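**Q** Here it is: the structure, laid out below.
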Amino acid sequence: MTSLAGPTQTYGAEAKPRMGFFTDTTICIGCKACEVACKEWNLIPEDGLLWTGESYDNTSHLGAETWRHVAFVEQRKPLRLEGETATVETDAAVQPEPLRWLMESDVCKHCTHAGCLDVCPTGALFRTEFGTVVVQEDICNGCGYCVPACPFGVIDKRDLPRSPDDAPLALPIFGKKEDGRVWKCTLCYDRLKGGHEPACAKSCPTDSIQFGELDELRERAEKRLAKLEAEGWNGAQLYGHDQNDGVGGFGAFFLLLDEPEVYGLPPDPVVPTAHLPKLWKQTALAATAMFVGVAAAFIGGRE
Amino acid sequence: MPSLGTSFGRGGATDFQQDLMNSDCIVIMGSNMAENHPVGFQWVMEARERGAHVFHVDPRFTRTSAMATKHVGIRAGSDIAFLGGIINYILENDRWFHEYVERYTNAPVVVDERFSDTEDNDGLFSGWDPEKGEYDVTTWQYEGVPVHGAAGQREKGFQGSHTKGEQSGHGGGGSGLSHGNPPTTDPTLQHPRCVFQILKRHYARYTPEMVAEACGCSVEEFLHVAETLCDCSGREKTGMFVYAVGWTQHTTGVQNIRAAAIIQLLLGNMGRPGGGIMALRGHASIQGSTDIPTLYNILPGYLTMPHVEHYGGLEAYIDETTAPGGWWGKADAYTVSLLKAWWGAAATPENEFCFSYLPRIDDDNSAYWTVQQMLQGKVKGYIVAGENPVVGNANGKAHRLALANLDWLVVRDLVEIETAAFWYDSPEVESGELSPETIGTEVFFMPASTHLEKDGSFTNTQRLLQWHFRAVDPKEDCRSELWFFFHLGKKIKEKLESSQDPRDLPIQDLTWAYPTSGEIEEPSAEAVLSEINGWDDKGQALAGYKLLKADGTTACGCWIYCGVFAGETNMAARRKPHWEQSYTALEWAWSWPANRRLLYNRASADPDGNPWSERKKLVWWDADQEKWTGTDTPDFDEEKPPSYVPPDDATGPDAIRGDHPFIMQADGLGWIYVPQGLVDGPLPTHYEPHESPYRNPFYAQRSNPRRQTTEVTEADPYNPVGDEGGADMYPYVLTTYRLTEHHTAGGMSRFTPYLAELQPQMFVEVHPDLARERGLEHGGWATIATARSAIEARVMVTDRMRPIRMGGEERHQVGLPYHWGSRGLTTGGSANDLTHLALDPNVHIQEVKALSCDIRPGRRPKGPALPERVTAKRDEAYALRGTPQAEPKDTVDTTHEREENG
């Protein structure tokens, strides 16, 4: 694993403990307060009034205008493997099938090895003293390299006008000038600086979104998982907890009740820049081979 | 909430939400708590984490069901069948808490021999008068209580019509009891006419099999809930019920809650940590709006509103509203103090403290009755403040037609909601039934300020008064409610200043001097709170309602709020966090009454005053200090020992025994059986919803005989029901509800981008089998129709809508959120255009949780074609109606209906 961007070593004495989220989906009630609080605090524009029909999820995915997204998954599976669980009548005269409704508040993972940060040519993306990954909106030039570099599809370019007053005289046929910059969760860097927890965690009524020092959260999550396993919860698993995974562990990790892909999350995310050294080696090899080949052609041509 | 009022003495949630975490079994029924009370739901999650069972018994699988340990799907409108089944299970299996029931409830009381039960009359109680469509409630009294005494009159409404104003019991009653004790009791509970035996007979037919048949759940599911709830009750454990409008919005709404009250008394769960009945209110201050009522038939603090036909002067009023025992025995002090608060120095003993100034009710003035009067052109003007009735109330179309019949309409709201815009933007304008050119109503829209732009208090779902402070000044012409009514009152007073007409005296004498501040002259909300709290003759704030006097030396705007300004301190503004105090958090804000958080908490101790168990200890008798003590403010006279027996001449609180915990009741007992205060029966009985496609599996009497139905039938036609021909043209059960993302009629959410985008379109939820049956496509459009109207919605096919199995047949339920209308960022069909005006008789609440409908694929007809299609379908159904095919004994009901339908 490369370490093109280690967490906070560059801050020296100013480094703070690495902060993050532990999102425990087993107590998420799908209220979407996190989505609203995030938008209010960070002044993110509304991004369309599209009814999707995807259960109660009309946000669909994270993006420039959505930094928290609550996924809803309806399943004919039991919530617990033993004891009480809900059932649903299906076809007539058939035994009732189990039913559960999973809800999960997704967010930027603030990866240990963050692809977006690795590829940013302007330095707009940076690692904060809290170990989080933040875009500086006044530096971002909208090149968009970071967009494909994120293995989760989190960071995104804003297509909306910069503000309602932007290019007010432009004829509608030319459209409004797009913002063009990239946006994503800052883990409420401004709030953290002021000693507050992020808006989503603050608004979460059941503490499904837990904010704190990452090390402490990881310990808490392990205990939580053990309790759920003992209680027979179906499919309980941690996601992004493993520091040896493809992004070196998430700064914002999750406790899920099914495989990640069920929630629309990549099962085995790898930071694309992990391949850079290998790629450079191969490039160097190819260049050498080409050089040798070309030289050989010249040498041969003389003959 | 007369259900809780008549059962326990006070019309408020008996517990506080934080205490949910102490429960061993939470039954959420008639509520979608996770979606509609997400912040309070954290305590349900806490309970679940601590190992509690969380049951969600509901027609739909909601976000609450998803978080419950078990969801049991039942047919909408079958709640009393389910709860009655639990009562029967408790009695049949001897699961009741013997000492609690024998000592703390009216189970041993013997009932008058003229009482006969629904078991004897196939679904009717004794005293039914088919001519009047009313019960003679005197046959339900306790044995030995004079039936023509004040008790009967106290609860009596208008004679001769079933739709007129009623004064439901918000507690108290019990006149005719001597020193608070019922005259005849049988402590062994064996007397055939004692409440306990009546209860046993009444619920004997609510067997698990009948529950399964009526509710559409399985016997096993029902038994699991019943057994677990019983296992989680008793000395060591407690169970709690949580409900909201899923119980109240039925023609049997009050009785749904009563059924839970009976269960909680039988299991000994009242007044104890993790027990009780958590009534969830749907807005920030709905509890407050009944405490300081926006209702027409009560005065602040649940005092009775005088009738033209009753009471006469102050003395007679007090005589008839005072209970012989309990704190309603002090009704004179509450009444006189209220009059002093309103008319100040003008209120003197000589003029009966201006009692004659109080308006008298001479009719039903409830919202729905008023709308029907509007339709008949009998109402000139209407002020709508903080409501959007054409979207939020049942039968939106009838409301819009009614508003078009007014001379003037004032709408105060944050945005121009549908109620303000009905005259140019509504389905009726689209269809040509209304037109801006011909509507004579002059509409005034008054922009309102939000809660962030004004000071004030919310009284939340757990009776907690929490102060909020103005963060910013209101913009432009936006004004607070307080500003509007204060300055309106000032202008009216100015206009009447020199009037010599005696009818203007009540306004001339009214105390109306609140200090104002700022450029806009905003009145001081704290000054109003201070008046509500009250003061003595030296002008000092009163510390509590026990200090109120009937001699005119105290003034108090709402006796149950007395103490909120004790020591001239705004107690509602207290902000000591819960982690710095005990879990009852007595120093966070202030709750009525007397800052008690868990009502009737005397019952958390046994008759001798000791906690029932260490695990469930809350308030107990400290023999050394000779007073009640504990984690909560004791809901009992602090120095009255458990052994106290009132002398024969005792009145008021002194007439309550030391081991009777329900101090607002005349007898200090929890009422399993309600002899007075309710108009539709002393015990809950399963009736079908007014508009149910089914017959009643229990009795020949199909639906609540006492339910209110409209007189304006052309504006509120009903679908054929039960076994009637044409009922199968509206074959599905329709239920309406809210979503987390929106707020009721949408005025605060559909206009807000961050909320509108989360649920941006009206949709209808159906089960896959129904989708197949009707050819509905997920994501496509459907039209939902009743006899009133038809709306369109996007189709959401989901397992979460559970089919009903009745008599081996699968039938379906259709789910509609009711947030949408024609205005705002997201618009859509209004579910309440489909609903009707059949009401609960006690509180006049609409039955929008269970009615019948049809659903078809495709969008609804537009323009004049909409009413044409609705009428054609209805006419076709009515042509098939003919004579009812079955229910031979249902003659009473059909007579009733014929009267109503003209």
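By order in the structure tokens, chains are A, B, ...; within a chain, residues start at 1; ligands start at 1, following the order shown.
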Residues of chain B within 7 Å of chain A, counting only C-alpha atoms - could you list those as a compact mmCIF listing (two decimals) with C-alpha atoms, in the first residue's frame?
**A**
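In the end it all went to iface.txt:
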```
# COMPACT_ATOMS: atom_id res chain seq x y z
CA ALA B 34 -40.44 6.97 14.49
CA GLU B 35 -41.74 9.01 11.57
CA PRO B 38 -38.45 11.04 15.67
CA VAL B 39 -36.79 12.98 18.47
CA GLN B 42 -34.73 7.94 20.71
CA MET B 45 -34.52 2.90 20.81
CA ARG B 63 -40.24 3.25 9.81
CA ALA B 66 -38.70 -1.30 10.95
CA MET B 67 -37.26 -0.36 14.34
CA THR B 69 -38.75 -5.92 17.66
CA LYS B 70 -42.01 -7.06 16.10
CA HIS B 71 -44.61 -5.59 13.78
CA THR B 740 -41.32 12.39 8.49
CA PRO B 753 -36.79 23.23 -0.55
CA TYR B 754 -34.81 21.05 1.86
CA GLU B 757 -37.00 17.53 -2.18
CA LEU B 758 -37.04 14.63 0.28
CA GLN B 759 -40.62 13.63 -0.58
CA PRO B 760 -41.33 15.57 -3.74
CA GLN B 761 -44.52 13.95 -4.94
CA GLY B 779 -43.85 4.43 -10.52
CA MET B 796 -45.48 2.80 -4.77
CA ASP B 799 -44.55 -5.29 0.77
CA ARG B 802 -50.10 -5.69 4.21
CA PRO B 803 -53.20 -7.35 2.80
```
**Q** Can you pull out every residue from segment 389-543 of chain B that DSSP, working from the backbone, puts in alpha helix (DSSP H), and format the result as a CSV table (one decimal) with N, CA and C atoms, in the first residue's frame?
**A**
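Just written: selection_34.csv:
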```
chain,number,residue,atom,x,y,z
B,389,PRO,N,-57.0,24.1,6.6
B,389,PRO,CA,-58.1,23.1,6.6
B,389,PRO,C,-58.5,22.5,5.3
B,390,VAL,N,-58.3,23.2,4.2
B,390,VAL,CA,-58.7,22.6,2.9
B,390,VAL,C,-57.8,21.4,2.5
B,391,VAL,N,-56.7,21.3,3.2
B,391,VAL,CA,-55.8,20.2,2.9
B,391,VAL,C,-55.8,19.2,4.1
B,392,GLY,N,-55.7,19.8,5.3
B,392,GLY,CA,-55.5,19.0,6.5
B,392,GLY,C,-56.8,18.4,7.1
B,396,GLY,N,-61.8,18.0,1.9
B,396,GLY,CA,-61.3,19.3,1.5
B,396,GLY,C,-62.2,20.0,0.6
B,397,LYS,N,-62.9,19.3,-0.2
B,397,LYS,CA,-63.8,19.9,-1.2
B,397,LYS,C,-64.9,20.6,-0.5
B,398,ALA,N,-65.5,19.9,0.5
B,398,ALA,CA,-66.6,20.6,1.3
B,398,ALA,C,-66.1,21.8,2.0
B,399,HIS,N,-64.9,21.8,2.4
B,399,HIS,CA,-64.3,23.0,3.0
B,399,HIS,C,-64.2,24.1,2.0
B,400,ARG,N,-63.7,23.8,0.8
B,400,ARG,CA,-63.5,24.9,-0.2
B,400,ARG,C,-64.9,25.5,-0.6
B,401,LEU,N,-65.9,24.6,-0.8
B,401,LEU,CA,-67.2,25.1,-1.1
B,401,LEU,C,-67.7,25.9,0.0
B,402,ALA,N,-67.4,25.5,1.3
B,402,ALA,CA,-67.9,26.3,2.4
B,402,ALA,C,-67.3,27.7,2.5
B,403,LEU,N,-66.0,27.7,2.3
B,403,LEU,CA,-65.3,29.0,2.3
B,403,LEU,C,-65.8,30.0,1.3
B,418,GLU,N,-53.1,26.8,0.6
B,418,GLU,CA,-54.3,26.4,-0.2
B,418,GLU,C,-55.6,27.1,0.4
B,419,THR,N,-55.7,27.2,1.7
B,419,THR,CA,-56.9,27.7,2.3
B,419,THR,C,-57.0,29.2,1.9
B,420,ALA,N,-55.9,29.9,1.8
B,420,ALA,CA,-55.9,31.3,1.4
B,420,ALA,C,-56.1,31.5,-0.1
B,421,ALA,N,-55.8,30.5,-0.9
B,421,ALA,CA,-55.8,30.6,-2.3
B,421,ALA,C,-56.9,29.8,-3.0
B,427,PRO,N,-59.0,22.5,-7.0
B,427,PRO,CA,-59.6,21.5,-7.9
B,427,PRO,C,-61.0,22.0,-8.4
B,428,GLU,N,-61.7,22.8,-7.6
B,428,GLU,CA,-63.0,23.2,-8.0
B,428,GLU,C,-63.0,24.3,-9.0
B,429,VAL,N,-61.9,25.2,-8.9
B,429,VAL,CA,-61.7,26.2,-9.9
B,429,VAL,C,-61.4,25.5,-11.2
B,430,GLU,N,-60.5,24.5,-11.1
B,430,GLU,CA,-60.2,23.8,-12.3
B,430,GLU,C,-61.4,23.1,-13.0
B,431,SER,N,-62.3,22.6,-12.1
B,431,SER,CA,-63.4,21.9,-12.7
B,431,SER,C,-64.6,22.8,-13.1
B,481,GLU,N,-48.7,35.6,16.3
B,481,GLU,CA,-50.1,35.4,16.7
B,481,GLU,C,-50.5,36.4,17.9
B,482,LEU,N,-49.6,36.5,18.8
B,482,LEU,CA,-49.8,37.3,20.0
B,482,LEU,C,-50.0,38.8,19.6
B,483,TRP,N,-49.2,39.3,18.7
B,483,TRP,CA,-49.3,40.6,18.2
B,483,TRP,C,-50.6,40.8,17.5
B,484,PHE,N,-51.0,39.9,16.7
B,484,PHE,CA,-52.2,40.0,15.9
B,484,PHE,C,-53.4,40.1,16.8
B,485,PHE,N,-53.5,39.2,17.8
B,485,PHE,CA,-54.8,39.2,18.6
B,485,PHE,C,-54.7,40.3,19.6
B,486,PHE,N,-53.5,40.6,20.1
B,486,PHE,CA,-53.5,41.7,21.1
B,486,PHE,C,-53.9,43.1,20.4
B,487,HIS,N,-53.4,43.3,19.2
B,487,HIS,CA,-53.7,44.6,18.6
B,487,HIS,C,-55.2,44.6,18.0
B,488,LEU,N,-55.6,43.4,17.6
B,488,LEU,CA,-57.0,43.3,17.2
B,488,LEU,C,-57.9,43.6,18.4
B,489,GLY,N,-57.6,43.0,19.5
B,489,GLY,CA,-58.4,43.3,20.7
B,489,GLY,C,-58.3,44.8,21.1
B,490,LYS,N,-57.2,45.4,21.0
B,490,LYS,CA,-57.0,46.8,21.3
B,490,LYS,C,-57.9,47.6,20.4
B,491,LYS,N,-57.9,47.3,19.1
B,491,LYS,CA,-58.8,48.1,18.2
B,491,LYS,C,-60.3,47.9,18.5
B,492,ILE,N,-60.6,46.7,18.8
B,492,ILE,CA,-62.0,46.4,19.2
B,492,ILE,C,-62.4,47.2,20.4
B,493,LYS,N,-61.5,47.1,21.4
B,493,LYS,CA,-61.8,47.9,22.6
B,493,LYS,C,-61.9,49.4,22.4
B,494,GLU,N,-61.1,49.9,21.5
B,494,GLU,CA,-61.2,51.3,21.2
B,494,GLU,C,-62.5,51.7,20.5
B,495,LYS,N,-62.9,50.8,19.6
B,495,LYS,CA,-64.2,51.0,18.9
B,495,LYS,C,-65.4,51.0,19.9
B,496,LEU,N,-65.3,50.2,21.0
B,496,LEU,CA,-66.4,50.0,21.9
B,496,LEU,C,-66.3,50.9,23.1
B,505,LEU,N,-70.0,45.3,27.6
B,505,LEU,CA,-69.3,45.3,28.9
B,505,LEU,C,-68.2,44.3,29.0
B,506,PRO,N,-68.4,43.0,28.6
B,506,PRO,CA,-67.3,42.1,28.7
B,506,PRO,C,-66.1,42.5,28.0
B,507,ILE,N,-66.2,43.2,26.9
B,507,ILE,CA,-65.0,43.7,26.2
B,507,ILE,C,-64.5,45.0,26.8
B,508,GLN,N,-65.4,45.9,27.3
B,508,GLN,CA,-64.9,47.1,27.9
B,508,GLN,C,-64.1,46.8,29.2
B,509,ASP,N,-64.6,45.8,29.9
B,509,ASP,CA,-64.0,45.5,31.2
B,509,ASP,C,-62.8,44.6,31.1
B,525,ALA,N,-44.7,38.3,25.7
B,525,ALA,CA,-45.2,36.9,25.9
B,525,ALA,C,-45.1,36.5,27.4
B,526,GLU,N,-44.0,37.0,28.0
B,526,GLU,CA,-43.9,36.7,29.5
B,526,GLU,C,-44.9,37.3,30.3
B,527,ALA,N,-45.4,38.5,29.9
B,527,ALA,CA,-46.5,39.1,30.7
B,527,ALA,C,-47.8,38.2,30.6
B,528,VAL,N,-48.0,37.6,29.5
B,528,VAL,CA,-49.1,36.7,29.3
B,528,VAL,C,-48.9,35.5,30.1
B,529,LEU,N,-47.7,34.9,30.1
B,529,LEU,CA,-47.5,33.7,30.9
B,529,LEU,C,-47.7,34.0,32.4
B,530,SER,N,-47.3,35.2,32.8
B,530,SER,CA,-47.4,35.6,34.2
B,530,SER,C,-48.9,35.7,34.6
B,531,GLU,N,-49.7,36.2,33.6
B,531,GLU,CA,-51.2,36.2,33.9
B,531,GLU,C,-51.8,34.8,34.0
B,532,ILE,N,-51.3,33.9,33.1
B,532,ILE,CA,-51.7,32.5,33.1
B,532,ILE,C,-51.4,31.9,34.4
B,533,ASN,N,-50.2,32.2,34.9
B,533,ASN,CA,-49.7,31.6,36.2
B,533,ASN,C,-50.6,32.2,37.3
```
**Q** Counting only C-alpha atoms, figure out which residue out of B:Arg60, B:Arg75, B:Arg657, B:Arg201 gets nearest to Leu91 of chain B.
**A**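 Among the listed residues, the smallest separation from Leu91 of chain B belongs to B:Arg201.
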**Q** Tell me, which residues of segment 32-236 of chain A carry DSSP strand (DSSP E), written as an MDAnalysis selection string?
**A** chainID A and resid 68:75 87:88 97:98 100:107 125:127 133:135 156:157 182:183 209:213
**Q** Please identify all polymer residues within 12 Å of Leu238 of chain A, counting only C-alpha atoms, omitting same-chain residues fewer than 6 positions from it, and present them as a list in words.
**A**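 Those residues are Phe22, Thr23, Asp24, Thr25, Thr26, Leu217, Arg218, Glu219, Arg220, Ala221, Glu222, Lys223, Arg224, Leu225, Ala226, Leu228, Glu229, Gly249, Phe250, Ala252, Phe253, Phe254, Leu255, Leu256, Leu257, Asp258, Glu259, Pro260 and Pro267 of chain A.
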**Q** Using N, CA and C atoms, can you export the residues from the last selection as a compact mmCIF listing (two decimals), in the first residue's frame?
**A**
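Saved to part_19.txt:
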```
# COMPACT_ATOMS: atom_id res chain seq x y z
N PHE A 22 -18.92 7.19 13.17
CA PHE A 22 -19.35 5.79 13.18
C PHE A 22 -20.86 5.83 12.98
N THR A 23 -21.30 5.38 11.82
CA THR A 23 -22.73 5.40 11.53
C THR A 23 -23.31 4.01 11.78
N ASP A 24 -24.10 3.90 12.81
CA ASP A 24 -24.68 2.62 13.23
C ASP A 24 -26.07 2.50 12.61
N THR A 25 -26.19 1.75 11.53
CA THR A 25 -27.47 1.72 10.80
C THR A 25 -28.55 0.95 11.57
N THR A 26 -28.18 0.20 12.59
CA THR A 26 -29.21 -0.58 13.29
C THR A 26 -30.13 0.32 14.11
N LEU A 217 -14.09 5.43 18.44
CA LEU A 217 -15.25 4.95 17.68
C LEU A 217 -15.06 3.51 17.24
N ARG A 218 -13.83 3.19 16.84
CA ARG A 218 -13.56 1.81 16.38
C ARG A 218 -13.75 0.81 17.51
N GLU A 219 -13.31 1.19 18.68
CA GLU A 219 -13.51 0.30 19.85
C GLU A 219 -14.99 0.13 20.13
N ARG A 220 -15.70 1.27 20.10
CA ARG A 220 -17.14 1.24 20.37
C ARG A 220 -17.86 0.33 19.36
N ALA A 221 -17.43 0.46 18.10
CA ALA A 221 -18.09 -0.30 17.04
C ALA A 221 -17.88 -1.79 17.24
N GLU A 222 -16.70 -2.17 17.67
CA GLU A 222 -16.42 -3.60 17.88
C GLU A 222 -17.31 -4.17 18.98
N LYS A 223 -17.46 -3.40 20.04
CA LYS A 223 -18.33 -3.85 21.14
C LYS A 223 -19.77 -3.96 20.66
N ARG A 224 -20.16 -2.96 19.88
CA ARG A 224 -21.53 -2.93 19.37
C ARG A 224 -21.80 -4.15 18.49
N LEU A 225 -20.84 -4.45 17.64
CA LEU A 225 -21.00 -5.59 16.75
C LEU A 225 -21.14 -6.88 17.56
N ALA A 226 -20.31 -7.01 18.58
CA ALA A 226 -20.36 -8.22 19.41
C ALA A 226 -21.73 -8.36 20.07
N LEU A 228 -24.62 -7.12 18.97
CA LEU A 228 -25.61 -7.44 17.95
C LEU A 228 -25.51 -8.89 17.51
N GLU A 229 -24.29 -9.37 17.41
CA GLU A 229 -24.11 -10.78 17.03
C GLU A 229 -24.69 -11.70 18.09
N GLY A 249 -8.66 2.04 5.49
CA GLY A 249 -9.67 2.28 6.54
C GLY A 249 -10.36 3.61 6.32
N PHE A 250 -11.63 3.67 6.72
CA PHE A 250 -12.41 4.90 6.53
C PHE A 250 -12.30 5.78 7.77
N ALA A 252 -14.85 7.66 8.19
CA ALA A 252 -16.27 7.56 8.51
C ALA A 252 -16.71 6.16 8.11
N PHE A 253 -16.89 5.31 9.11
CA PHE A 253 -17.19 3.91 8.80
C PHE A 253 -18.58 3.54 9.33
N PHE A 254 -19.01 2.31 9.04
CA PHE A 254 -20.42 1.97 9.19
C PHE A 254 -20.62 0.61 9.85
N LEU A 255 -21.76 0.47 10.49
CA LEU A 255 -22.22 -0.85 10.91
C LEU A 255 -23.45 -1.14 10.07
N LEU A 256 -23.34 -2.14 9.21
CA LEU A 256 -24.42 -2.46 8.27
C LEU A 256 -25.13 -3.74 8.69
N LEU A 257 -26.27 -4.00 8.07
CA LEU A 257 -27.01 -5.23 8.34
C LEU A 257 -27.08 -6.13 7.10
N ASP A 258 -26.27 -5.81 6.12
CA ASP A 258 -26.19 -6.68 4.95
C ASP A 258 -24.90 -6.32 4.22
N GLU A 259 -24.64 -7.00 3.13
CA GLU A 259 -23.43 -6.71 2.35
C GLU A 259 -23.48 -5.26 1.88
N PRO A 260 -22.30 -4.62 1.75
CA PRO A 260 -22.29 -3.20 1.36
C PRO A 260 -23.04 -2.93 0.06
N PRO A 267 -18.12 -3.10 -2.43
CA PRO A 267 -17.73 -4.10 -1.43
C PRO A 267 -16.23 -4.05 -1.10
```
**Q** Need to verify the contact set: Asp268 of chain A, 8 Å, only C-alpha atoms, exclusion of same-chain residues closer than 2 positions in sequence. Can you return it as a PyMOL selection string?
**A** chain A and resi 245-246+266+270
**Q** Would you mind reading off the distance between atom CA of Thr826 of chain B and atom CA of Tyr243 of chain B, one decimal, in Å?
**A**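 Computing the Euclidean distance for atom CA of Thr826 of chain B and atom CA of Tyr243 of chain B yields 29.7 Å.
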**Q** Please identify all polymer residues within 9 Å of Ala850 of chain B, counting only C-alpha atoms, omitting same-chain residues fewer than 3 positions from it, and present them as a list in words.
**A** Arg75, Ala76, Gly77, Gln249, His250, Pro689, His690, Glu691, Ser692, Val733, Leu734, Thr735, Thr736 and Glu847 of chain B
**Q** Please measure the separation of atom CA of Lys849 of chain B and atom CA of Val44 of chain B, giving the value in Å to one decimal.
**A**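 Calculated distance between atom CA of Lys849 of chain B and atom CA of Val44 of chain B is 23.8 Å.
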**Q** Measure the distance from atom CA of Leu409 of chain B to atom CA of Phe458 of chain B in Å and round it to one decimal.
**A** 26.8 Å
**Q** For a quick check of understanding, using only C-alpha atoms, which of B:Gly677, B:Glu92, B:Ser31, B:Cys215 has the smallest distance to Arg738 of chain B?
**A**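 Among the listed residues, B:Ser31 lies closest to Arg738 of chain B.
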**Q** Need the shell around Gly829 of chain B: protein/DNA/RNA residues with any atom at most 8 Å away, counting only C-alpha atoms. Skip same-chain ones fewer than 2 positions apart. Format as a VMD selection string?
**A** chain B and resid 762 791 to 793 820 to 822 827 831
**Q** Just the selected residues (N, CA and C atoms), exported as a compact mmCIF listing (two decimals), in the first residue's frame, please.
**A**
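Okay, selection-v1.txt is ready:
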```txt
# COMPACT_ATOMS: atom_id res chain seq x y z
N MET B 762 -46.78 13.37 -4.38
CA MET B 762 -47.83 12.56 -3.77
C MET B 762 -47.76 11.14 -4.32
N ILE B 791 -58.58 11.55 -6.66
CA ILE B 791 -57.27 12.20 -6.79
C ILE B 791 -56.33 11.25 -7.49
N GLU B 792 -55.20 11.80 -7.93
CA GLU B 792 -54.19 10.94 -8.56
C GLU B 792 -52.92 10.96 -7.74
N ALA B 793 -52.15 9.90 -7.91
CA ALA B 793 -50.91 9.79 -7.15
C ALA B 793 -49.99 8.82 -7.87
N TRP B 820 -50.23 16.80 0.56
CA TRP B 820 -50.14 17.61 -0.66
C TRP B 820 -51.39 18.41 -0.97
N GLY B 821 -51.18 19.42 -1.79
CA GLY B 821 -52.23 20.27 -2.29
C GLY B 821 -51.74 20.95 -3.55
N SER B 822 -52.35 22.05 -3.90
CA SER B 822 -52.04 22.66 -5.19
C SER B 822 -50.94 23.71 -5.12
N THR B 827 -46.42 19.83 -5.60
CA THR B 827 -47.88 19.83 -5.53
C THR B 827 -48.38 18.43 -5.84
N ALA B 831 -55.11 13.99 -0.21
CA ALA B 831 -55.81 12.78 0.26
C ALA B 831 -57.12 13.14 0.95
```
**Q** So, with only C-alpha atoms as the atoms that count, which of B:Asp94, B:Asp536, B:Asp504, B:Glu309 lies closest to Ala550 of chain B?
**A**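 Ranked by minimum distance to Ala550 of chain B, first place goes to B:Asp536.
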**Q** Near Ile263 of chain B, counting only C-alpha atoms, which residues have an atom at most 12 Å away, once you skip same-chain residues fewer than 3 positions from it, shown as a ChimeraX atom specification?
**A** /B:7,27,80,82-91,95-97,101,105,199,203,226,229-230,233,239-241,256-260,266-270,275-277,670-673,683-684
**Q** Go ahead and write the residues just picked, C-alpha atoms, as a short mmCIF file (atom, residue, chain, number, x, y, z; two decimals), in the first residue's frame.
**A**
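Once written, result_20.cif looks like this:
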```cif
data_model
loop_
_atom_site.label_atom_id
_atom_site.label_comp_id
_atom_site.auth_asym_id
_atom_site.auth_seq_id
_atom_site.Cartn_x
_atom_site.Cartn_y
_atom_site.Cartn_z
CA SER B 7 -60.23 7.05 33.04
CA VAL B 27 -46.79 -1.25 22.48
CA ILE B 80 -60.65 -2.23 19.78
CA PHE B 82 -57.22 -6.28 19.24
CA LEU B 83 -57.22 -4.43 22.57
CA GLY B 84 -60.43 -6.11 23.68
CA GLY B 85 -58.69 -9.38 22.93
CA ILE B 86 -55.86 -8.42 25.28
CA ILE B 87 -58.38 -7.51 28.00
CA ASN B 88 -60.04 -10.88 27.56
CA TYR B 89 -56.66 -12.62 27.60
CA ILE B 90 -55.72 -10.88 30.85
CA LEU B 91 -58.99 -11.83 32.53
CA ARG B 95 -52.90 -12.11 34.47
CA TRP B 96 -54.28 -8.99 36.18
CA PHE B 97 -52.44 -7.28 39.03
CA VAL B 101 -56.95 -3.60 40.58
CA THR B 105 -59.50 0.95 40.33
CA LEU B 199 -65.91 -6.33 32.12
CA TYR B 203 -65.01 -8.99 26.53
CA ALA B 226 -50.72 -10.34 24.74
CA LEU B 229 -47.22 -7.56 27.57
CA CYS B 230 -48.52 -9.55 30.54
CA SER B 233 -46.21 -6.17 33.78
CA GLY B 239 -45.32 -1.95 29.92
CA MET B 240 -46.32 1.22 28.16
CA PHE B 241 -48.75 2.10 25.39
CA ASN B 256 -59.73 3.15 21.29
CA ILE B 257 -57.75 4.96 23.95
CA ARG B 258 -60.14 3.88 26.67
CA ALA B 259 -59.39 0.25 25.77
CA ALA B 260 -55.71 0.85 26.44
CA LEU B 266 -55.71 -4.22 34.88
CA LEU B 267 -51.97 -4.79 34.52
CA GLY B 268 -51.13 -2.18 37.14
CA ASN B 269 -49.04 -0.12 34.74
CA MET B 270 -50.46 3.32 35.53
CA GLY B 275 -45.73 2.38 32.33
CA GLY B 276 -48.74 4.47 31.47
CA ILE B 277 -50.16 5.77 28.24
CA GLY B 670 -58.80 4.63 38.06
CA TRP B 671 -61.94 4.06 36.06
CA ILE B 672 -62.04 0.77 34.22
CA TYR B 673 -65.71 1.43 33.67
CA LEU B 683 -66.77 0.29 27.88
CA PRO B 684 -65.03 0.20 24.49
#
```
